Amino acid sequence: MVALTSAPFVALFACSWIFVLCQETQEVTVKPGEDATLQCRGHRGADIILIKWIRPDLKSDDYVFFFRDGRSHENYQHESFRGRVELRDPEMKDGDASVILKNVNINETGTYECRVKEGNEKANKAEVITIVNMTVSGHTAGHKEGGDKEGNVGLKVGLPVCVILLLGVVVVFRKKIFTKCRECKDNNS
């Protein structure tokens, strides 16, 4: 019988944190009246069959943007987003599931999640690809273009932490294997 050690639990814990920390998170700041680009990208060359942009604070059946069967469905959108959200690239080249939210207002400050399901995925659920924290502040914009200030927080903070966690897992496993090998040698002597 295989003895259960702490190494598998450490690895499982580390892998779960790696997933959380490496998930792409963006910060976007815009002024009221501007358009905001909420960026999201699936796998290059993948056939995207479903895109859900949600705000976790809205009801679960209301979407910021909903795309399925090759078209967007405004009837699934929260009423405040209807007619104001469109795909940045309708052809979704290179897995681009980004949307443009037009004429933002101060009430739209919040967290947005992009969930994508690709045609080659076996899972039934759309997976969270990107989390965008959008802040709408300042005076009303004189124009309605641009305005996005982005910083990819997920990569700037999460990537170094992921690397450190991965190194820790490697060290733990290496130590466990080395200890097992030494025990095997001692037992065979």
# chains A, B, ... in the order shown; residues from 1 in each chain; ligands from 1
$ residues_around --residues "Ile48 of chain A" --least-positions-apart "4" --cutoff "9 Å" --atoms "only C-alpha atoms" --output "number ranges by chain"
A: 42-43, 68, 70, 92, 95, 97, 116-120
$ write_last_selection --atoms "all heavy atoms" --output "compact mmCIF listing (two decimals), in the first residue's frame"
# COMPACT_ATOMS: atom_id res chain seq x y z
N GLY A 42 -8.87 33.72 -26.32
CA GLY A 42 -8.81 32.27 -26.20
C GLY A 42 -7.56 31.75 -26.89
O GLY A 42 -6.63 32.51 -27.16
N HIS A 43 -7.55 30.47 -27.20
CA HIS A 43 -6.39 29.88 -27.88
C HIS A 43 -6.37 30.29 -29.35
O HIS A 43 -7.41 30.37 -29.99
CB HIS A 43 -6.43 28.35 -27.78
CG HIS A 43 -6.31 27.89 -26.37
ND1 HIS A 43 -7.41 27.51 -25.63
CD2 HIS A 43 -5.23 27.75 -25.56
CE1 HIS A 43 -7.01 27.16 -24.43
NE2 HIS A 43 -5.70 27.29 -24.35
N ARG A 68 -23.27 33.07 -29.11
CA ARG A 68 -23.41 31.63 -29.36
C ARG A 68 -24.01 31.45 -30.74
O ARG A 68 -24.71 32.33 -31.24
CB ARG A 68 -24.29 30.99 -28.29
CG ARG A 68 -24.43 29.49 -28.44
CD ARG A 68 -25.26 28.87 -27.35
NE ARG A 68 -26.60 29.45 -27.37
CZ ARG A 68 -27.46 29.35 -26.38
NH1 ARG A 68 -27.14 28.72 -25.28
NH2 ARG A 68 -28.65 29.89 -26.48
N GLY A 70 -22.67 31.59 -33.59
CA GLY A 70 -22.14 32.52 -34.57
C GLY A 70 -22.68 33.93 -34.50
O GLY A 70 -22.44 34.72 -35.41
N MET A 92 -13.16 37.11 -34.77
CA MET A 92 -12.48 36.48 -33.63
C MET A 92 -11.15 35.84 -34.03
O MET A 92 -10.82 34.75 -33.60
CB MET A 92 -13.40 35.47 -32.95
CG MET A 92 -14.64 36.10 -32.36
SD MET A 92 -15.78 34.92 -31.66
CE MET A 92 -16.46 34.17 -33.12
N GLY A 95 -8.40 33.88 -31.70
CA GLY A 95 -9.09 33.66 -30.43
C GLY A 95 -9.53 34.92 -29.72
O GLY A 95 -9.80 34.90 -28.53
N ALA A 97 -11.70 37.36 -28.13
CA ALA A 97 -13.07 37.43 -27.61
C ALA A 97 -13.29 38.77 -26.91
O ALA A 97 -14.19 38.90 -26.08
CB ALA A 97 -13.32 36.26 -26.66
N VAL A 116 -15.01 31.63 -22.07
CA VAL A 116 -14.98 31.17 -23.46
C VAL A 116 -15.07 29.65 -23.51
O VAL A 116 -14.46 28.96 -22.70
CB VAL A 116 -13.68 31.64 -24.16
CG1 VAL A 116 -13.56 31.05 -25.55
CG2 VAL A 116 -13.61 33.15 -24.21
N LYS A 117 -15.84 29.13 -24.46
CA LYS A 117 -15.86 27.70 -24.74
C LYS A 117 -15.45 27.52 -26.19
O LYS A 117 -16.00 28.16 -27.08
CB LYS A 117 -17.25 27.11 -24.51
CG LYS A 117 -17.29 25.59 -24.73
CD LYS A 117 -18.60 25.02 -24.27
CE LYS A 117 -18.76 23.55 -24.37
NZ LYS A 117 -17.90 22.74 -25.09
N GLU A 118 -14.46 26.69 -26.38
CA GLU A 118 -13.95 26.43 -27.72
C GLU A 118 -14.48 25.09 -28.20
O GLU A 118 -14.76 24.20 -27.41
CB GLU A 118 -12.42 26.45 -27.69
CG GLU A 118 -11.89 27.83 -27.30
CD GLU A 118 -10.39 27.87 -27.08
OE1 GLU A 118 -9.74 26.80 -27.03
OE2 GLU A 118 -9.85 28.98 -26.94
N GLY A 119 -14.60 24.98 -29.52
CA GLY A 119 -15.18 23.80 -30.13
C GLY A 119 -14.43 22.52 -29.84
O GLY A 119 -15.01 21.43 -29.83
N ASN A 120 -13.14 22.61 -29.54
CA ASN A 120 -12.34 21.41 -29.30
C ASN A 120 -12.32 21.01 -27.82
O ASN A 120 -11.67 20.05 -27.46
CB ASN A 120 -10.91 21.62 -29.80
CG ASN A 120 -10.25 22.83 -29.17
OD1 ASN A 120 -10.86 23.58 -28.44
ND2 ASN A 120 -8.97 23.01 -29.47
$ residues_around --residues "Arg44 of chain A" --least-positions-apart "3" --cutoff "9 Å" --atoms "only C-alpha atoms" --output "VMD selection string"
chain A and resid 41 47 93 to 96
